[in-house]
Structure formats: C-alpha cells, structure tokens
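This is final_8.cif (mmCIF, C-alpha atoms).
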```cif
data_upload
loop_
_atom_site.group_PDB
_atom_site.id
_atom_site.type_symbol
_atom_site.label_atom_id
_atom_site.label_comp_id
_atom_site.auth_asym_id
_atom_site.auth_seq_id
_atom_site.Cartn_x
_atom_site.Cartn_y
_atom_site.Cartn_z
ATOM 1 C CA MET A 68 0.000 0.000 0.000
ATOM 2 C CA LYS A 69 2.819 2.424 0.850
ATOM 3 C CA ARG A 70 4.608 1.697 -2.415
ATOM 4 C CA ARG A 71 1.515 2.605 -4.443
ATOM 5 C CA LYS A 72 1.200 5.921 -2.579
ATOM 6 C CA TRP A 73 4.808 6.886 -3.350
ATOM 7 C CA PHE A 74 4.427 5.819 -6.955
ATOM 8 C CA PHE A 75 1.548 8.271 -7.325
ATOM 9 C CA LEU A 76 3.397 11.149 -5.608
ATOM 10 C CA ILE A 77 6.529 11.059 -7.763
ATOM 11 C CA PRO A 78 4.868 12.271 -11.009
ATOM 12 C CA VAL A 79 2.936 14.899 -9.049
ATOM 13 C CA ALA A 80 6.168 16.160 -7.442
ATOM 14 C CA VAL A 81 7.954 16.296 -10.811
ATOM 15 C CA ALA A 82 5.040 18.197 -12.399
ATOM 16 C CA ALA A 83 4.948 20.628 -9.462
ATOM 17 C CA PHE A 84 8.697 21.207 -9.715
ATOM 18 C CA ILE A 85 8.462 21.902 -13.454
ATOM 19 C CA PHE A 86 5.486 24.242 -12.957
ATOM 20 C CA ILE A 87 7.217 26.172 -10.175
ATOM 21 C CA GLY A 88 10.429 26.494 -12.232
ATOM 22 C CA GLY A 89 8.576 27.858 -15.265
ATOM 23 C CA GLU A 90 6.536 30.210 -13.120
ATOM 24 C CA VAL A 91 9.615 31.570 -11.324
ATOM 25 C CA VAL A 92 11.436 32.216 -14.620
ATOM 26 C CA MET A 93 8.357 33.916 -16.092
ATOM 27 C CA GLN A 94 7.817 36.114 -13.022
ATOM 28 C CA LEU A 95 11.466 37.151 -12.803
ATOM 29 C CA TRP A 96 11.616 37.941 -16.513
ATOM 30 C CA ASN A 97 8.391 39.945 -16.452
ATOM 31 C CA TRP A 98 9.458 41.789 -13.308
ATOM 32 C CA LEU A 99 12.987 42.742 -14.375
ATOM 33 C CA LEU A 100 13.579 42.791 -18.110
ATOM 34 C CA PRO A 101 10.695 44.920 -19.447
ATOM 35 C CA GLY A 102 11.569 47.682 -16.991
ATOM 36 C CA LEU A 103 15.327 47.502 -17.470
ATOM 37 C CA PHE A 104 15.649 46.878 -21.194
ATOM 38 C CA GLY A 105 12.173 47.456 -22.631
ATOM 39 C CA TRP A 106 11.762 43.811 -23.661
ATOM 40 C CA ARG A 107 8.331 42.179 -23.994
ATOM 41 C CA HIS A 108 6.611 40.157 -21.300
ATOM 42 C CA ILE A 109 6.697 36.382 -21.742
ATOM 43 C CA THR A 110 4.127 33.661 -21.152
ATOM 44 C CA PHE A 111 4.447 30.654 -18.858
ATOM 45 C CA TRP A 112 5.353 28.386 -21.778
ATOM 46 C CA GLN A 113 8.053 30.770 -22.958
ATOM 47 C CA GLY A 114 9.436 30.871 -19.414
ATOM 48 C CA LEU A 115 9.445 27.082 -19.300
ATOM 49 C CA GLY A 116 11.234 26.963 -22.663
ATOM 50 C CA LEU A 117 13.785 29.494 -21.443
ATOM 51 C CA LEU A 118 14.378 27.412 -18.322
ATOM 52 C CA LEU A 119 14.893 24.297 -20.446
ATOM 53 C CA LEU A 120 17.213 26.141 -22.830
ATOM 54 C CA CYS A 121 19.360 27.439 -19.960
ATOM 55 C CA ARG A 122 19.422 23.977 -18.430
ATOM 56 C CA ILE A 123 20.665 22.486 -21.688
ATOM 57 C CA LEU A 124 23.253 25.204 -22.360
ATOM 58 C CA PHE A 125 24.628 25.719 -18.867
ATOM 59 C CA GLY A 126 23.634 22.785 -16.695
ATOM 60 C CA GLY A 127 23.285 19.799 -18.961
ATOM 61 C CA LEU A 128 20.465 17.349 -18.528
ATOM 62 C CA GLY A 129 21.653 15.581 -15.415
ATOM 63 C CA HIS A 130 24.758 14.087 -17.001
ATOM 64 C CA GLY A 131 27.199 16.647 -15.636
ATOM 65 C CA GLY A 132 30.358 15.928 -13.730
ATOM 66 C CA PRO A 133 33.120 13.464 -14.292
ATOM 67 C CA ARG A 134 31.171 10.549 -12.735
ATOM 68 C CA GLY A 135 34.115 8.966 -11.008
ATOM 69 C CA ARG A 136 36.674 9.848 -13.654
ATOM 70 C CA PRO A 137 39.642 11.839 -12.368
ATOM 71 C CA CYS A 138 40.144 15.278 -13.842
ATOM 72 C CA ARG A 139 42.906 15.837 -16.384
ATOM 73 C CA ARG A 140 45.320 17.154 -13.761
ATOM 74 C CA GLU A 141 45.131 13.887 -11.879
ATOM 75 C CA ARG A 142 45.516 11.716 -15.005
ATOM 76 C CA ILE A 143 48.815 13.141 -16.220
ATOM 77 C CA SER A 144 52.104 11.882 -14.868
ATOM 78 C CA PRO A 145 54.402 14.090 -12.769
ATOM 79 C CA GLU A 146 56.834 14.283 -15.712
ATOM 80 C CA GLU A 147 54.107 15.540 -18.062
ATOM 81 C CA ARG A 148 52.969 18.013 -15.424
ATOM 82 C CA GLU A 149 56.489 19.416 -15.007
ATOM 83 C CA LYS A 150 56.928 19.628 -18.793
ATOM 84 C CA PHE A 151 53.655 21.578 -19.042
ATOM 85 C CA ARG A 152 54.757 23.938 -16.266
ATOM 86 C CA GLU A 153 58.066 24.534 -18.031
ATOM 87 C CA VAL A 154 56.247 25.431 -21.259
ATOM 88 C CA LEU A 155 54.103 27.902 -19.323
ATOM 89 C CA ARG A 156 57.174 29.423 -17.701
ATOM 90 C CA THR A 157 58.909 29.949 -21.033
ATOM 91 C CA ARG A 158 55.840 31.454 -22.642
ATOM 92 C CA TRP A 159 54.514 33.589 -19.805
ATOM 93 C CA GLY A 160 57.547 34.258 -17.659
ATOM 94 C CA GLY A 161 58.730 33.080 -14.296
ATOM 95 C CA MET A 162 58.200 34.354 -10.783
ATOM 96 C CA GLY A 163 60.558 37.298 -11.322
ATOM 97 C CA GLY A 164 58.173 38.908 -13.782
ATOM 98 C CA GLU A 165 60.363 38.234 -16.800
ATOM 99 C CA THR A 166 58.733 37.047 -19.985
ATOM 100 C CA GLY A 167 60.066 34.403 -22.325
ATOM 101 C CA ALA A 168 60.845 37.048 -24.939
ATOM 102 C CA SER A 169 62.994 39.120 -22.602
ATOM 103 C CA LYS A 170 64.988 36.028 -21.554
ATOM 104 C CA ASP A 171 65.716 35.195 -25.175
ATOM 105 C CA GLN A 172 66.824 38.744 -25.965
ATOM 106 C CA ALA A 173 69.200 39.009 -22.996
#
```

Would you mind writing the structure in this file as structure tokens?
Amino acid sequence: MKRRKWFFLIPVAVAAFIFIGGEVVMQLWNWLLPGLFGWRHITFWQGLGLLLLCRILFGGLGHGGPRGRPCRRERISPEEREKFREVLRTRWGGMGGETGASKDQA
C-alpha cells in the first residue's frame, strides 16, 4: 500500500517542480527585463522553454560531472605536469616577472 502511494506522488512532485520552475522564470523575466531593457513580457510556456534552454546550455540534462573519472590534472604523470609547467614558464615568464621574450633577448 505504501509503495503505491509513493508511486503516485513522484509524477505529481515532478510536475509541481516543473510548474514552479517555469513560473519563477516567467515572473522574474516579467518583473525585471521589461523595466530595465524594454523587452516584452513572456508567457508561462516561454518561461518554461527558457528554463529548459538554460538547463541544456549551462547545466546539462543531469549528465554533468566526471562521474568517477579523475580530472585531467590527476591523469597526467608528474613528468608531463612538469613539462607543461616549463612550457608555461617559457611562454609567460617566471616568478621574477620576466617574460620568455625578454629572456631570449638578454
């Protein structure tokens, strides 16, 4: 009996979350942007589309993060890391403020 109750509440919670997200985006847009920039008001569906677009462009669709994979810094060997640092030093200069070009000219 408890399992059936939870099964019914999950779609309702998802729908409520989607509705609240679209409503918040619409209200914020209609409150700020027409007054600041003179842009038009948007509808709920446009707000929901804008929320989805921002989610796709900036947040992904729930597949973000390395998922257990180490970042690139952790995958390279200490020798490769030191070689990379040396390249950066020659291109951008060392701690003394000298650039690679001024070292070559001296």

Note to self: Rounded to one decimal, what separation in Å do you get between atom CA of A:Leu119 and atom CA of A:Gly102?
What the structure shows: 23.9 Å

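Of the residues listed (A:Val92, A:Leu103, A:Leu155, A:Val81), A:Val92 shows the shortest atom-to-atom separation from A:Cys121; distances use only C-alpha atoms.
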
Checklist line | Pairwise distance for atom CA of A:Arg122 and atom CA of A:Gly89, rounded to one decimal in Å | finding: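 Separation of atom CA of A:Arg122 and atom CA of A:Gly89: 11.9 Å.
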
Check: If you count all atoms listed in the file, which residues fall within 8 Å of A:His108, apart from same-chain ones fewer than 3 positions away, as an NGL selection string?
Finding: :A and (96-97 or 101)

Next item on the list: Calculate how many Å separate atom CA of A:Gly105 from atom CA of A:Ile85, rounding to one decimal.
Entry: 27.4 Å

Notebook entry, point to check: Of the candidates A:Gly126, A:Trp159, A:Gln113, A:Pro145, which one gets nearest to A:Glu90 if we count all atoms listed in the file?
Noted result: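 Of A:Gly126, A:Trp159, A:Gln113, A:Pro145, the one nearest A:Glu90 is A:Gln113, counting all atoms listed in the file.
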
Next item on the list: Name the residues that the PyMOL selection byres ((chain A and resi 93) around 12) pulls out of this structure, and write them as a VMD selection string.
Entry: chain A and resid 86 to 92 94 to 101 107 to 118
